[in-house]
Amino acid sequence: MIELKDIVKIYGDGENKVEALKGVSINFREHELVSILGPSGCGKTTLLNILGGLDKYSNGDLIINGKSTKQFKSGDWDTYRNQRVGFVFQNYNLIPHLSVLRNVELSLTLAGVSSAERRARSLKALEVVGLSDQVKKRPNQLSGGQMQRVAIARAIVNNPDIILADEPTGALDSVTSVQVMDILQNLAKERLVVMVTHNKELASTYSTRIIEFLDGKVINDSKPFKPTHIKDDAEIKEKTDLIKQAVVYDLEKDIDNNNQEIVNNANNIDKNSKNKKRNSKKSAMSFFTAFN
C-alpha cells in the first residue's frame, strides 16, 4: 500500500516560489484504477512524479508499505523506480533505434536479469498487449496506439506493484484510447494503476476511483480509502506477540534441557521468517547498455 501524508511541493524560492501541492493526503488501495482529474497546472503531474520517485516532495511523507521515504537515498529511489513502479507516458518515451523487444527488455537489463529470462518475460509482456508479431520492428514503424502498448509492456515486464500513467490516451484517437484503457483496466485487477487524464468520459467509464485536483489540493475523491484496519491489525499483532512471549516463558520454565534446544530452534525459525524481505538488489547499467 502507498500513502501520501500532507505532501507539499514547492518550486523555486522568494518571489518565484510556486506551491504545486498544498498538503495532499491520499491512501491508495493495492488494486484499483485511479484517475486524477483537474485543469492544467493544478498539480496532477507533480503528484504522479512524486509517487514514482521522479521528483522529491518538499514537506510531508510518502509511505510505502508502512515505511517512510524521508531517509531514502538516491540508490533507494533507483531501486524503488526499477522494481516497484512502471511508467507510461503520453509521448511513449521509447528509444527509437532499438527494436520493440529491446525497448521492453531494457528495465530488466537494469535489474540484472539474465538474457534468456529477459527475452521470455518481454515476449510475454508484449503478448499481453497484443504485439507478439511486432517484436522486431522499431518504434517509427508502429502506429501511436502500438507505441503506447509497447510502453505499457515495458511498464509491466518487471511485474511492478504500481503503474503510473501520464495522459496515456492524450495522443491517441478514440478507438485506440479504448483499447489502451481496456489494458489498463485489466492491469488494475492485480495492482495499483494511477492515471492522470483530461478525459472525464474515459475516467468515469473505466476508473474505480476518481480524484479531482484544483490549485494543488484534492477537492473531491469518489472512493476514499481509510485503512483503519491497519491500526487494528497492529494491535492484534502486539497482543499476539505478548501471548507468544508468555507461552515461551512458561515453556522454558517447565521443560528440561533436552527440549530447550527445540524451543530455541523454533524461535530462530520464527525470527528468520519475519526477516524475509522483498528483493532489494540495486539497479545497475553496464557500459554496453549505456552505449545502446
# chains A, B, ... in the order shown; residues from 1 in each chain; ligands from 1

$ closest_atom_pairs --of "region 72-92 of chain A" --to "region 146-156 of chain A" --cutoff "10 Å" --atoms "only C-alpha atoms" --output "Markdown table"
| residue | atom | partner | partner_atom | distance |
| --- | --- | --- | --- | --- |
| A:Asn82 | CA | A:Ala155 | CA | 9.7 |
| A:Val85 | CA | A:Ala155 | CA | 7.7 |
| A:Gly86 | CA | A:Ala155 | CA | 4.1 |
| A:Phe87 | CA | A:Ala155 | CA | 5.4 |
| A:Val88 | CA | A:Ala151 | CA | 5.9 |
| A:Phe89 | CA | A:Ala151 | CA | 7.6 |
| A:Gln90 | CA | A:Gln148 | CA | 7.9 |
| A:Asn91 | CA | A:Gln148 | CA | 8.2 |
| A:Tyr92 | CA | A:Gln148 | CA | 5.7 |

$ write_last_selection --atoms "N, CA and C atoms" --output "mmCIF file, in the first residue's frame"
data_model
loop_
_atom_site.group_PDB
_atom_site.id
_atom_site.type_symbol
_atom_site.label_atom_id
_atom_site.label_comp_id
_atom_site.auth_asym_id
_atom_site.auth_seq_id
_atom_site.Cartn_x
_atom_site.Cartn_y
_atom_site.Cartn_z
ATOM 1 N N ASN A 82 12.805 1.072 -10.292
ATOM 2 C CA ASN A 82 13.070 -0.052 -11.176
ATOM 3 C C ASN A 82 12.271 -1.297 -10.819
ATOM 4 N N VAL A 85 7.747 0.251 -9.623
ATOM 5 C CA VAL A 85 6.914 1.181 -10.386
ATOM 6 C C VAL A 85 7.116 0.981 -11.884
ATOM 7 N N GLY A 86 6.011 1.024 -12.647
ATOM 8 C CA GLY A 86 6.058 1.037 -14.102
ATOM 9 C C GLY A 86 5.475 2.341 -14.610
ATOM 10 N N PHE A 87 6.133 2.963 -15.593
ATOM 11 C CA PHE A 87 5.722 4.270 -16.093
ATOM 12 C C PHE A 87 5.177 4.172 -17.518
ATOM 13 N N VAL A 88 4.078 4.884 -17.766
ATOM 14 C CA VAL A 88 3.509 5.007 -19.111
ATOM 15 C C VAL A 88 3.308 6.495 -19.372
ATOM 16 N N PHE A 89 3.965 7.013 -20.427
ATOM 17 C CA PHE A 89 3.921 8.444 -20.703
ATOM 18 C C PHE A 89 3.132 8.742 -21.978
ATOM 19 N N GLN A 90 2.655 9.980 -22.075
ATOM 20 C CA GLN A 90 1.877 10.390 -23.237
ATOM 21 C C GLN A 90 2.695 10.290 -24.527
ATOM 22 N N ASN A 91 3.987 10.646 -24.455
ATOM 23 C CA ASN A 91 4.823 10.629 -25.661
ATOM 24 C C ASN A 91 5.648 9.347 -25.773
ATOM 25 N N TYR A 92 5.253 8.314 -25.027
ATOM 26 C CA TYR A 92 5.769 6.948 -25.122
ATOM 27 C C TYR A 92 7.186 6.778 -24.555
#

$ residues_around --residues "Tyr11 (chain A)" --least-positions-apart "4" --cutoff "10 Å" --atoms "only C-alpha atoms" --output "NGL selection string"
:A and (16-21 or 57-58)

$ write_last_selection --atoms "C-alpha atoms" --output "mmCIF file, in the first residue's frame"
data_model
loop_
_atom_site.group_PDB
_atom_site.id
_atom_site.type_symbol
_atom_site.label_atom_id
_atom_site.label_comp_id
_atom_site.auth_asym_id
_atom_site.auth_seq_id
_atom_site.Cartn_x
_atom_site.Cartn_y
_atom_site.Cartn_z
ATOM 1 C CA ASN A 16 9.423 32.963 -7.771
ATOM 2 C CA LYS A 17 8.131 30.378 -5.276
ATOM 3 C CA VAL A 18 5.309 28.202 -6.590
ATOM 4 C CA GLU A 19 3.442 25.780 -4.315
ATOM 5 C CA ALA A 20 2.420 22.986 -6.680
ATOM 6 C CA LEU A 21 0.981 20.707 -3.974
ATOM 7 C CA TYR A 57 8.463 16.344 -2.043
ATOM 8 C CA SER A 58 9.298 19.464 -0.012
#

$ atom_distance --atom1 "CA of Pro224 (chain A)" --atom2 "CA of Val34 (chain A)"
10.6 Å

$ closest_atom_pairs --of "region 58-119 of chain A" --to "region 157-163 of chain A" --cutoff "12 Å" --atoms "only C-alpha atoms" --output "tab-separated table"
residue	atom	partner	partner_atom	distance
A:Ile64	CA	A:Asp161	CA	10.7
A:Asn65	CA	A:Asp161	CA	10.8
A:Thr79	CA	A:Pro160	CA	11.5
A:Tyr80	CA	A:Pro160	CA	9.6
A:Arg81	CA	A:Pro160	CA	9.0
A:Asn82	CA	A:Asn158	CA	7.9
A:Gln83	CA	A:Pro160	CA	6.0
A:Arg84	CA	A:Pro160	CA	4.5
A:Val85	CA	A:Ile162	CA	4.9
A:Gly86	CA	A:Ile163	CA	4.7
A:Phe87	CA	A:Ile163	CA	5.9
A:Val88	CA	A:Ile163	CA	7.4
A:Phe89	CA	A:Ile163	CA	10.7
A:Leu101	CA	A:Val157	CA	11.0
A:Arg102	CA	A:Val157	CA	11.8
A:Asn103	CA	A:Val157	CA	10.7
A:Val104	CA	A:Val157	CA	7.1
A:Glu105	CA	A:Val157	CA	7.8
A:Leu106	CA	A:Val157	CA	9.6
A:Ser107	CA	A:Asn158	CA	7.2
A:Leu108	CA	A:Asn158	CA	6.5
A:Thr109	CA	A:Asn158	CA	10.2
A:Leu110	CA	A:Asn158	CA	10.4
A:Ala111	CA	A:Asn158	CA	8.6
A:Gly112	CA	A:Asn158	CA	11.2
A:Val113	CA	A:Asn158	CA	9.8
A:Glu117	CA	A:Val157	CA	10.9
A:Arg118	CA	A:Val157	CA	8.8
A:Arg119	CA	A:Val157	CA	10.2

$ select_by_dssp --residues "region 118-201 of chain A" --states "helix (DSSP H, G or I)" --output "JSON list (two decimals) with C-alpha atoms, in the first residue's frame"
[["chain", "number", "residue", "atom", "x", "y", "z"],
["A", 118, "ARG", "CA", 14.67, -11.05, -20.19],
["A", 119, "ARG", "CA", 13.59, -12.31, -23.57],
["A", 120, "ALA", "CA", 10.96, -14.70, -22.17],
["A", 121, "ARG", "CA", 9.41, -12.10, -19.87],
["A", 122, "SER", "CA", 9.47, -9.38, -22.54],
["A", 123, "LEU", "CA", 7.78, -11.63, -25.09],
["A", 124, "LYS", "CA", 5.11, -12.46, -22.50],
["A", 125, "ALA", "CA", 4.52, -8.77, -21.76],
["A", 126, "LEU", "CA", 4.19, -8.00, -25.48],
["A", 127, "GLU", "CA", 1.73, -10.86, -25.79],
["A", 128, "VAL", "CA", -0.39, -9.33, -23.02],
["A", 132, "SER", "CA", 3.67, -10.57, -30.30],
["A", 133, "ASP", "CA", 4.03, -10.11, -34.07],
["A", 134, "GLN", "CA", 5.79, -6.72, -33.84],
["A", 139, "PRO", "CA", 9.11, 2.44, -32.82],
["A", 140, "ASN", "CA", 8.97, 4.56, -36.01],
["A", 141, "GLN", "CA", 7.41, 1.60, -37.82],
["A", 144, "GLY", "CA", 0.67, 5.68, -31.99],
["A", 145, "GLY", "CA", -1.55, 3.07, -30.36],
["A", 146, "GLN", "CA", 1.04, 0.36, -30.92],
["A", 147, "MET", "CA", 3.80, 2.51, -29.44],
["A", 148, "GLN", "CA", 1.68, 3.13, -26.37],
["A", 149, "ARG", "CA", 1.11, -0.59, -25.99],
["A", 150, "VAL", "CA", 4.88, -1.14, -26.20],
["A", 151, "ALA", "CA", 5.22, 1.44, -23.42],
["A", 152, "ILE", "CA", 2.68, -0.49, -21.34],
["A", 153, "ALA", "CA", 4.53, -3.77, -21.97],
["A", 154, "ARG", "CA", 7.75, -2.09, -20.82],
["A", 155, "ALA", "CA", 5.95, -0.84, -17.71],
["A", 156, "ILE", "CA", 4.63, -4.28, -16.69],
["A", 174, "SER", "CA", -10.95, 7.45, -29.58],
["A", 175, "VAL", "CA", -10.86, 3.84, -30.78],
["A", 176, "THR", "CA", -7.22, 3.32, -29.81],
["A", 177, "SER", "CA", -7.84, 5.10, -26.48],
["A", 178, "VAL", "CA", -10.47, 2.50, -25.62],
["A", 179, "GLN", "CA", -8.02, -0.30, -26.44],
["A", 180, "VAL", "CA", -5.38, 1.21, -24.15],
["A", 181, "MET", "CA", -7.90, 1.76, -21.36],
["A", 182, "ASP", "CA", -9.05, -1.87, -21.61],
["A", 183, "ILE", "CA", -5.46, -2.96, -20.99],
["A", 184, "LEU", "CA", -5.04, -0.60, -18.02],
["A", 185, "GLN", "CA", -8.35, -1.76, -16.55],
["A", 186, "ASN", "CA", -7.20, -5.39, -16.68],
["A", 187, "LEU", "CA", -3.87, -4.48, -15.10],
["A", 200, "LYS", "CA", -13.54, 12.74, -17.99],
["A", 201, "GLU", "CA", -15.56, 10.34, -20.12]]

$ closest_residue --among "A:Ile210, A:Ile95, A:Ile2, A:Leu37" --to "Ile50 (chain A)" --atoms "only C-alpha atoms"
A:Ile2

$ atom_distance --atom1 "CA of Asp61 (chain A)" --atom2 "CA of Leu192 (chain A)"
19.1 Å

$ closest_residue --among "A:Ile211, A:Leu142, A:Val135, A:Val194" --to "Leu164 (chain A)" --atoms "only C-alpha atoms"
A:Val194

$ closest_residue --among "A:Pro39, A:Trp77, A:Lys9, A:Thr46" --to "Asp166 (chain A)" --atoms "only C-alpha atoms"
A:Thr46

$ atom_distance --atom1 "CA of Gly216 (chain A)" --atom2 "CA of Lys5 (chain A)"
14.1 Å

$ decode --residues "region 173-185 of chain A" --atoms "C-alpha atoms" --output "PDB file, in the first residue's frame"
ATOM      1  CA  ASP A 173      -7.769   8.571 -31.336  1.00  0.00           C
ATOM      2  CA  SER A 174     -10.951   7.454 -29.582  1.00  0.00           C
ATOM      3  CA  VAL A 175     -10.864   3.837 -30.784  1.00  0.00           C
ATOM      4  CA  THR A 176      -7.224   3.322 -29.806  1.00  0.00           C
ATOM      5  CA  SER A 177      -7.841   5.097 -26.478  1.00  0.00           C
ATOM      6  CA  VAL A 178     -10.466   2.500 -25.621  1.00  0.00           C
ATOM      7  CA  GLN A 179      -8.020  -0.304 -26.436  1.00  0.00           C
ATOM      8  CA  VAL A 180      -5.383   1.211 -24.146  1.00  0.00           C
ATOM      9  CA  MET A 181      -7.904   1.756 -21.358  1.00  0.00           C
ATOM     10  CA  ASP A 182      -9.053  -1.866 -21.612  1.00  0.00           C
ATOM     11  CA  ILE A 183      -5.457  -2.962 -20.991  1.00  0.00           C
ATOM     12  CA  LEU A 184      -5.038  -0.604 -18.020  1.00  0.00           C
ATOM     13  CA  GLN A 185      -8.348  -1.758 -16.552  1.00  0.00           C
TER      14      GLN A 185
END
